[in-house]
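Enquirer: My structure is below; once you've seen it, I'll send some questions.
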Amino acid sequence: MSPAMWKWTCLVSHLLLSTTVSPLGRQQPPHPKRPFITFTGEQAEGNFNHLVVDERTGHIYLGAVNRIYKLSSDLKVLVTHETGPDDDNPKCYPPRIVQTCNEPLTPTNNINKMLLIDYKENRLIACGSLYQGICKLLRLDDLFKLGEPFHKKEHYLSGVNESGSVFGVIVSYSNMDDKLFIATAVDGKPEYFPTISSRKLTKNSEADGMFAYVFHDEFVASMIKIPSDTFTIIPDFDIYYIYGFSSGNFVYFLTLQPEMISPPGSTTKEQVYTSKLVRLCKEDTAFNSYVEVPIGCEKNGVEYRLLQAAYLSKAGAILARSLGVGPEDDILFTVFSKGQKRKMKSLDESALCIFVLKKINDRIKDRLQSCYRGEGTLDLAWLKVKDIPCSSALLTIDDNFCGLDMNAPLGVSSMVRGLPIFTEDGDRMTSVIAYVYKNHSLAFVGTKSGKLKKHSGWRGGIIHLWLSQGKRRHWK
């Protein structure tokens with residue numbers, strides 16, 4: 001949904017979660033309309049930025065400009081926590097709370113850039129835009145501040161002031177401290193911020209090692225930085241992280257990246273944006289397992305290449321039969337807009353597409369095997385700047401291969417194409433969630449104009465979609 005639709009109003013549709021799924025092709029009488037439950041914020045400084053729901057209690061946590069809200073499941077305010085504004089200047093590095101800054105300080109809003117629930121330690125991780133992106137650790141019960149590490153450079157996660165610039169994935173362990181994988185745009189400051197890294201989540205919220213790199217020595221660290229040489233080729237280069245998740249032995253991030261290509265018949269290069277999935281092994285402290293693969297979607301000759309949103313769910317029995325996979329296989333629901341040339345002003349034509357995660361992993365394994373046979377180059381122009389040939393090595397590469405200190409990081413050149421479910425030409429789809437209900441895989445899609453659409457399954461090539469106005473449409 002567009003930011004305007006989020007501005008200080010949050011809508012939760014309980015009726016959608018209780019919608020009865022009918023056998024496809026059988027009309028059901030419409031349910032009586034129920035009103036939306038709404039929550040309006042206390043101030044008009046800006047937007048809601050992020051929302052997470054506690055799976056155990058149903059409590060809702062909202063990250064907003066200068067506020068964190070805890071709401072009940074029926075959107076009643078339980079507690080609030082102020083995060084700003086405060087005097088700051090984005091040019092102050094380290095931030096002025098660490099050392100004196102000679103730049104002029106002005107009252108600055110704190111935009112929430114990341115909101116995660118750490119279930120193991122019963123706390124909320126809330127990262128903002130003030131002070132180069134430091135984070136607070138808040139107790140889930142009452143949002144009491146447990147810690148706010150800020151005295152080391154590892155505590156500054158991102159200097160970007162946009163709410164959608166940071167994504168985090170927690171990897172939990174039963175017998176040791178958890179890890180936090182952080183992926184962020186760097187806004188032209190690669191010397192300050194790695195674009196992707198793994199950090200320690202210590203049990204003690206005030207521990208000196210909170211957010212320290214999982215591994216760090218003179219030569220190797222649990223991070224990847226964008227080389228400064230990259231900016232000589234693409235001055236405004238950055239990696240924009242759209243979504244992240246963990247599955248099996250891996251952590252994944254879905255990204256948008258600029259690259260230079262030569263159009264057919266042209267001798268000059270132009271900048272386009274490519275959607276890519278990035279994969280890392282959870283236990284890889286040196287990031288030798290880093291692989292990225294381009295993803296996209298095509299229908300009736302139209303290319304949809306600009307990723308807008310994504311969500312990981314299970315296939316469910318009915319969709320699984322159509323796809324030839326198991327009901328518990330991971331399915332990635334994605335929304336793409338048309339073309340490749342506009343990141344900030346995407347075209348209104350969009351598509352909802354699905355990927356079977358195992359098929360993406362199979363493509364990655366094929367590429368790893370060919371590279372270790374010495375075939376091709378590393379195909380990662382933004383990181384290596386120049387082509388580096390793959391090196392041959394005799395070893396077995398299985399589904400859980402986590403890389404060596406050779407042939408890494410690695411790029412897959414051929415795009416993995418998703419399966420288009422339906423397309424929208426006028427009201428661009430901008431968000432998606434999905435879950436399985438009574439063997440049906442359900443997807444809910446938000447649009448640019450604030451409408452909500454529900455896709456309720458696929459059988460025999462016919463797509464059934466309910467719009468928020470209650471009309472039903474079919475696609476073949």
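Ligands are numbered from 1 in the order shown, residues from 1 within each chain, and chains are lettered A, B, ... in the order they appear in the structure tokens.
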What's the 10 Å shell around range 311-315 of chain A, counting only C-alpha atoms, without same-chain residues fewer than 5 positions away, as an MDAnalysis selection string?
Expert: chainID A and resid 243:247 320:323 325:335 354:357 431:436 439:443
Enquirer: Got time to write the residues from that selection, N, CA and C atoms, as an mmCIF file, in the first residue's frame?
Expert:
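Just written: again_25.cif:
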data_model
loop_
_atom_site.group_PDB
_atom_site.id
_atom_site.type_symbol
_atom_site.label_atom_id
_atom_site.label_comp_id
_atom_site.auth_asym_id
_atom_site.auth_seq_id
_atom_site.Cartn_x
_atom_site.Cartn_y
_atom_site.Cartn_z
ATOM 1 N N TYR A 243 13.025 -7.803 1.462
ATOM 2 C CA TYR A 243 12.469 -8.843 2.331
ATOM 3 C C TYR A 243 13.595 -9.778 2.750
ATOM 4 N N GLY A 244 13.416 -10.447 3.883
ATOM 5 C CA GLY A 244 14.395 -11.417 4.341
ATOM 6 C C GLY A 244 13.733 -12.506 5.164
ATOM 7 N N PHE A 245 14.349 -13.682 5.191
ATOM 8 C CA PHE A 245 13.790 -14.812 5.941
ATOM 9 C C PHE A 245 14.862 -15.880 6.093
ATOM 10 N N SER A 246 14.607 -16.857 6.959
ATOM 11 C CA SER A 246 15.485 -18.017 7.071
ATOM 12 C C SER A 246 14.683 -19.268 6.743
ATOM 13 N N SER A 247 15.353 -20.246 6.175
ATOM 14 C CA SER A 247 14.723 -21.520 5.838
ATOM 15 C C SER A 247 15.816 -22.572 5.779
ATOM 16 N N ALA A 320 0.138 -27.354 -3.713
ATOM 17 C CA ALA A 320 1.253 -28.292 -3.871
ATOM 18 C C ALA A 320 1.009 -29.270 -5.006
ATOM 19 N N ARG A 321 -0.232 -29.752 -5.116
ATOM 20 C CA ARG A 321 -0.546 -30.687 -6.207
ATOM 21 C C ARG A 321 -0.367 -30.014 -7.560
ATOM 22 N N SER A 322 -0.746 -28.760 -7.667
ATOM 23 C CA SER A 322 -0.600 -28.047 -8.937
ATOM 24 C C SER A 322 0.862 -27.827 -9.305
ATOM 25 N N LEU A 323 1.690 -27.642 -8.285
ATOM 26 C CA LEU A 323 3.097 -27.322 -8.540
ATOM 27 C C LEU A 323 3.985 -28.565 -8.553
ATOM 28 N N VAL A 325 4.870 -30.285 -5.800
ATOM 29 C CA VAL A 325 5.739 -30.239 -4.625
ATOM 30 C C VAL A 325 4.967 -30.755 -3.420
ATOM 31 N N GLY A 326 5.605 -30.779 -2.247
ATOM 32 C CA GLY A 326 4.952 -31.222 -1.023
ATOM 33 C C GLY A 326 4.206 -30.077 -0.349
ATOM 34 N N PRO A 327 3.180 -30.384 0.455
ATOM 35 C CA PRO A 327 2.405 -29.331 1.134
ATOM 36 C C PRO A 327 3.245 -28.462 2.051
ATOM 37 N N GLU A 328 4.342 -28.993 2.595
ATOM 38 C CA GLU A 328 5.182 -28.236 3.516
ATOM 39 C C GLU A 328 6.368 -27.563 2.828
ATOM 40 N N ASP A 329 6.421 -27.662 1.512
ATOM 41 C CA ASP A 329 7.505 -26.976 0.802
ATOM 42 C C ASP A 329 7.315 -25.467 0.882
ATOM 43 N N ASP A 330 8.445 -24.742 0.936
ATOM 44 C CA ASP A 330 8.410 -23.284 1.017
ATOM 45 C C ASP A 330 8.073 -22.674 -0.336
ATOM 46 N N ILE A 331 7.121 -21.747 -0.308
ATOM 47 C CA ILE A 331 6.710 -21.006 -1.504
ATOM 48 C C ILE A 331 6.939 -19.523 -1.242
ATOM 49 N N LEU A 332 7.584 -18.863 -2.171
ATOM 50 C CA LEU A 332 7.849 -17.436 -2.058
ATOM 51 C C LEU A 332 6.835 -16.678 -2.914
ATOM 52 N N PHE A 333 5.948 -15.929 -2.256
ATOM 53 C CA PHE A 333 4.986 -15.075 -2.944
ATOM 54 C C PHE A 333 5.640 -13.714 -3.171
ATOM 55 N N THR A 334 5.609 -13.245 -4.400
ATOM 56 C CA THR A 334 6.303 -12.000 -4.739
ATOM 57 C C THR A 334 5.409 -11.090 -5.564
ATOM 58 N N VAL A 335 5.642 -9.802 -5.440
ATOM 59 C CA VAL A 335 4.984 -8.793 -6.266
ATOM 60 C C VAL A 335 6.056 -8.044 -7.037
ATOM 61 N N ILE A 354 4.787 -16.591 -7.957
ATOM 62 C CA ILE A 354 5.263 -17.493 -6.909
ATOM 63 C C ILE A 354 6.507 -18.235 -7.383
ATOM 64 N N PHE A 355 7.375 -18.515 -6.412
ATOM 65 C CA PHE A 355 8.593 -19.291 -6.645
ATOM 66 C C PHE A 355 8.604 -20.450 -5.664
ATOM 67 N N VAL A 356 8.990 -21.606 -6.133
ATOM 68 C CA VAL A 356 9.259 -22.731 -5.240
ATOM 69 C C VAL A 356 10.704 -22.578 -4.786
ATOM 70 N N LEU A 357 10.918 -22.403 -3.480
ATOM 71 C CA LEU A 357 12.254 -22.102 -2.985
ATOM 72 C C LEU A 357 13.245 -23.207 -3.344
ATOM 73 N N SER A 431 2.215 -4.864 -1.757
ATOM 74 C CA SER A 431 2.513 -5.664 -0.571
ATOM 75 C C SER A 431 1.784 -6.996 -0.673
ATOM 76 N N VAL A 432 2.287 -7.994 0.068
ATOM 77 C CA VAL A 432 1.670 -9.316 0.024
ATOM 78 C C VAL A 432 1.984 -10.066 1.318
ATOM 79 N N ILE A 433 1.002 -10.814 1.815
ATOM 80 C CA ILE A 433 1.217 -11.813 2.862
ATOM 81 C C ILE A 433 0.472 -13.069 2.435
ATOM 82 N N ALA A 434 0.803 -14.201 3.041
ATOM 83 C CA ALA A 434 0.175 -15.463 2.645
ATOM 84 C C ALA A 434 0.202 -16.443 3.808
ATOM 85 N N TYR A 435 -0.737 -17.375 3.802
ATOM 86 C CA TYR A 435 -0.743 -18.467 4.775
ATOM 87 C C TYR A 435 -1.639 -19.578 4.253
ATOM 88 N N VAL A 436 -1.583 -20.734 4.918
ATOM 89 C CA VAL A 436 -2.366 -21.892 4.507
ATOM 90 C C VAL A 436 -3.557 -22.043 5.445
ATOM 91 N N ASN A 439 -5.899 -26.405 3.881
ATOM 92 C CA ASN A 439 -5.202 -26.937 2.703
ATOM 93 C C ASN A 439 -5.114 -25.963 1.541
ATOM 94 N N HIS A 440 -5.740 -24.788 1.652
ATOM 95 C CA HIS A 440 -5.669 -23.766 0.610
ATOM 96 C C HIS A 440 -4.574 -22.766 0.949
ATOM 97 N N SER A 441 -3.813 -22.390 -0.045
ATOM 98 C CA SER A 441 -2.810 -21.351 0.123
ATOM 99 C C SER A 441 -3.452 -20.007 -0.203
ATOM 100 N N LEU A 442 -3.551 -19.129 0.788
ATOM 101 C CA LEU A 442 -4.212 -17.831 0.629
ATOM 102 C C LEU A 442 -3.173 -16.723 0.571
ATOM 103 N N ALA A 443 -3.385 -15.778 -0.308
ATOM 104 C CA ALA A 443 -2.517 -14.601 -0.386
ATOM 105 C C ALA A 443 -3.372 -13.347 -0.338
#
Enquirer: Could you pull the residues within 8 Å of Ala351 in chain A, counting only C-alpha atoms, minus those fewer than 5 positions along the same chain, as a count of residues only?
Expert: 12
Enquirer: Measuring between only C-alpha atoms, which one of A:Phe215, A:Gly188, A:Lys120, A:Ile125 shows the shortest distance to Ser174 in chain A?
Expert: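 The shortest atom-to-atom distance to Ser174 in chain A comes from A:Lys120.
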Enquirer: State, in Å with one decimal place, the distance from CA of Gln99 in chain A to CA of Gly84 in chain A.
Expert: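 These two atoms are separated by 19.4 Å.
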Enquirer: List every residue of range 13-187 of chain A that DSSP, applied to the backbone of this structure, places in helix (DSSP H, G or I), and write the result as a list of chain:residue names.
Expert: A:His14, A:Leu15, A:Leu16, A:Leu17, A:Leu130, A:Tyr131, A:Gln132, A:Lys153, A:Glu154, A:His155
Enquirer: Those residues with N, CA, C and O atoms, as a PDB file, in the first residue's frame please?
Expert:
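Result file selection-v7.pdb:
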ATOM      1  N   HIS A  14     -10.164  -8.334  10.524  1.00  0.00           N
ATOM      2  CA  HIS A  14     -10.407  -9.625  11.146  1.00  0.00           C
ATOM      3  C   HIS A  14     -11.303 -10.507  10.285  1.00  0.00           C
ATOM      4  O   HIS A  14     -11.217 -11.723  10.333  1.00  0.00           O
ATOM      5  N   LEU A  15     -12.143  -9.900   9.489  1.00  0.00           N
ATOM      6  CA  LEU A  15     -13.052 -10.715   8.688  1.00  0.00           C
ATOM      7  C   LEU A  15     -12.290 -11.512   7.650  1.00  0.00           C
ATOM      8  O   LEU A  15     -12.685 -12.616   7.298  1.00  0.00           O
ATOM      9  N   LEU A  16     -11.136 -10.994   7.157  1.00  0.00           N
ATOM     10  CA  LEU A  16     -10.375 -11.740   6.163  1.00  0.00           C
ATOM     11  C   LEU A  16      -9.777 -13.001   6.762  1.00  0.00           C
ATOM     12  O   LEU A  16      -9.666 -14.025   6.110  1.00  0.00           O
ATOM     13  N   LEU A  17      -9.390 -12.932   8.022  1.00  0.00           N
ATOM     14  CA  LEU A  17      -8.796 -14.095   8.651  1.00  0.00           C
ATOM     15  C   LEU A  17      -9.817 -15.168   8.947  1.00  0.00           C
ATOM     16  O   LEU A  17      -9.485 -16.314   9.212  1.00  0.00           O
ATOM     17  N   LEU A 130      18.120   8.045  13.866  1.00  0.00           N
ATOM     18  CA  LEU A 130      18.993   8.936  14.620  1.00  0.00           C
ATOM     19  C   LEU A 130      20.343   8.275  14.891  1.00  0.00           C
ATOM     20  O   LEU A 130      20.439   7.054  15.019  1.00  0.00           O
ATOM     21  N   TYR A 131      21.379   9.128  14.972  1.00  0.00           N
ATOM     22  CA  TYR A 131      22.709   8.692  15.399  1.00  0.00           C
ATOM     23  C   TYR A 131      23.250   7.540  14.568  1.00  0.00           C
ATOM     24  O   TYR A 131      23.782   6.567  15.099  1.00  0.00           O
ATOM     25  N   GLN A 132      23.103   7.644  13.253  1.00  0.00           N
ATOM     26  CA  GLN A 132      23.642   6.646  12.329  1.00  0.00           C
ATOM     27  C   GLN A 132      23.025   5.265  12.508  1.00  0.00           C
ATOM     28  O   GLN A 132      23.632   4.247  12.194  1.00  0.00           O
ATOM     29  N   LYS A 153      31.521   1.354  16.667  1.00  0.00           N
ATOM     30  CA  LYS A 153      31.071   1.527  15.287  1.00  0.00           C
ATOM     31  C   LYS A 153      30.133   0.405  14.854  1.00  0.00           C
ATOM     32  O   LYS A 153      29.307   0.595  13.959  1.00  0.00           O
ATOM     33  N   GLU A 154      30.248  -0.782  15.501  1.00  0.00           N
ATOM     34  CA  GLU A 154      29.337  -1.875  15.170  1.00  0.00           C
ATOM     35  C   GLU A 154      27.894  -1.557  15.556  1.00  0.00           C
ATOM     36  O   GLU A 154      26.957  -2.227  15.108  1.00  0.00           O
ATOM     37  N   HIS A 155      27.700  -0.559  16.398  1.00  0.00           N
ATOM     38  CA  HIS A 155      26.359  -0.213  16.857  1.00  0.00           C
ATOM     39  C   HIS A 155      25.632   0.704  15.875  1.00  0.00           C
ATOM     40  O   HIS A 155      24.439   0.947  16.039  1.00  0.00           O
TER      41      HIS A 155
END
Enquirer: Can you list, as an mmCIF file with N, CA and C atoms, in the first residue's frame, every protein, DNA or RNA residue that comes within 6 Å of Ala64 in chain A when you count only C-alpha atoms, leaving out same-chain residues fewer than 4 positions away?
Expert:
data_model
loop_
_atom_site.group_PDB
_atom_site.id
_atom_site.type_symbol
_atom_site.label_atom_id
_atom_site.label_comp_id
_atom_site.auth_asym_id
_atom_site.auth_seq_id
_atom_site.Cartn_x
_atom_site.Cartn_y
_atom_site.Cartn_z
ATOM 1 N N PHE A 48 3.418 5.513 9.940
ATOM 2 C CA PHE A 48 3.813 4.253 10.540
ATOM 3 C C PHE A 48 4.843 3.617 9.608
ATOM 4 N N ASN A 49 5.869 3.046 10.174
ATOM 5 C CA ASN A 49 6.942 2.485 9.356
ATOM 6 C C ASN A 49 6.958 0.967 9.325
ATOM 7 N N ILE A 68 7.202 4.100 19.441
ATOM 8 C CA ILE A 68 6.912 2.676 19.326
ATOM 9 C C ILE A 68 5.613 2.446 20.094
ATOM 10 N N ASN A 112 11.563 4.928 12.308
ATOM 11 C CA ASN A 112 11.809 3.522 12.618
ATOM 12 C C ASN A 112 12.205 2.783 11.345
#
Enquirer: With a distance cut-off of 12 Å and only C-alpha atoms, select the neighbouring residues of Ala126 in chain A, excluding the residue or stretch itself and same-chain residues fewer than 3 positions from it, and output the selection as a VMD selection string.
Expert: chain A and resid 49 to 52 61 to 69 81 to 83 110 to 118 123 129 to 130 133 to 140 143 145 to 149 157 163 166 to 168
Enquirer: Using only C-alpha atoms, please write the residues we just selected to a file, as an mmCIF file, in the first residue's frame.
Expert:
data_model
loop_
_atom_site.group_PDB
_atom_site.id
_atom_site.type_symbol
_atom_site.label_atom_id
_atom_site.label_comp_id
_atom_site.auth_asym_id
_atom_site.auth_seq_id
_atom_site.Cartn_x
_atom_site.Cartn_y
_atom_site.Cartn_z
ATOM 1 C CA ASN A 49 6.942 2.485 9.356
ATOM 2 C CA HIS A 50 6.833 -1.142 10.548
ATOM 3 C CA LEU A 51 4.483 -3.616 12.177
ATOM 4 C CA VAL A 52 5.166 -6.939 13.911
ATOM 5 C CA TYR A 61 3.995 -3.541 17.878
ATOM 6 C CA LEU A 62 4.101 -0.500 15.597
ATOM 7 C CA GLY A 63 7.266 1.336 14.700
ATOM 8 C CA ALA A 64 6.444 4.943 13.855
ATOM 9 C CA VAL A 65 8.189 8.287 13.578
ATOM 10 C CA ASN A 66 9.370 9.114 17.138
ATOM 11 C CA ARG A 67 7.174 6.389 18.695
ATOM 12 C CA ILE A 68 6.912 2.676 19.326
ATOM 13 C CA TYR A 69 3.366 1.512 20.098
ATOM 14 C CA HIS A 81 7.702 4.472 23.999
ATOM 15 C CA GLU A 82 9.180 7.724 22.680
ATOM 16 C CA THR A 83 12.238 7.454 20.424
ATOM 17 C CA ASN A 110 13.622 9.334 14.493
ATOM 18 C CA ILE A 111 12.255 7.169 11.673
ATOM 19 C CA ASN A 112 11.809 3.522 12.618
ATOM 20 C CA LYS A 113 13.904 1.471 10.189
ATOM 21 C CA MET A 114 13.662 -2.004 11.685
ATOM 22 C CA LEU A 115 11.377 -3.717 14.186
ATOM 23 C CA LEU A 116 12.003 -7.327 15.249
ATOM 24 C CA ILE A 117 10.736 -9.526 18.070
ATOM 25 C CA ASP A 118 13.446 -11.477 19.862
ATOM 26 C CA ARG A 123 12.421 -8.177 23.836
ATOM 27 C CA SER A 129 17.455 6.793 11.851
ATOM 28 C CA LEU A 130 18.993 8.936 14.620
ATOM 29 C CA GLY A 133 21.059 3.958 13.026
ATOM 30 C CA ILE A 134 21.455 2.840 16.631
ATOM 31 C CA CYS A 135 18.959 0.387 18.130
ATOM 32 C CA LYS A 136 17.014 0.090 21.357
ATOM 33 C CA LEU A 137 16.192 -3.203 23.039
ATOM 34 C CA LEU A 138 12.779 -2.898 24.699
ATOM 35 C CA ARG A 139 11.024 -5.327 27.026
ATOM 36 C CA LEU A 140 7.970 -6.725 25.260
ATOM 37 C CA LEU A 143 8.531 -1.347 26.344
ATOM 38 C CA LYS A 145 14.422 0.147 27.671
ATOM 39 C CA LEU A 146 16.737 -2.783 28.432
ATOM 40 C CA GLY A 147 19.668 -1.451 26.454
ATOM 41 C CA GLU A 148 20.766 1.031 23.790
ATOM 42 C CA PRO A 149 24.322 0.240 22.638
ATOM 43 C CA LEU A 157 23.715 -0.048 11.506
ATOM 44 C CA SER A 163 12.127 3.483 6.671
ATOM 45 C CA VAL A 166 17.130 -2.053 6.622
ATOM 46 C CA PHE A 167 16.054 -5.676 6.995
ATOM 47 C CA GLY A 168 16.965 -8.109 9.751
#
Enquirer: When you count only C-alpha atoms, which of these residues is closest to Leu71 in chain A: A:Pro264, A:Pro104, A:Gly58, A:Pro258?
Expert: A:Gly58
Enquirer: What does the distance between CA of Leu256 in chain A and CA of Val220 in chain A come to in Å, to one decimal place?
Expert: 26.0 Å
Enquirer: Once DSSP has gone over the backbone, tell me which residues of range 23-205 of chain A are in strand (DSSP E), as a PyMOL selection string.
Expert: chain A and resi 37-40+48-53+60-64+67-71+77-82+86-88+106-108+112-118+123-128+135-139+145-147+166-171+178-184+196-201
Enquirer: Between A:Val79, A:Val160, A:Ile196, A:Val416, which is the closest to Thr274 in chain A once you count only C-alpha atoms?
Expert: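 Counting only C-alpha atoms, the residue closest to Thr274 in chain A is A:Val416.
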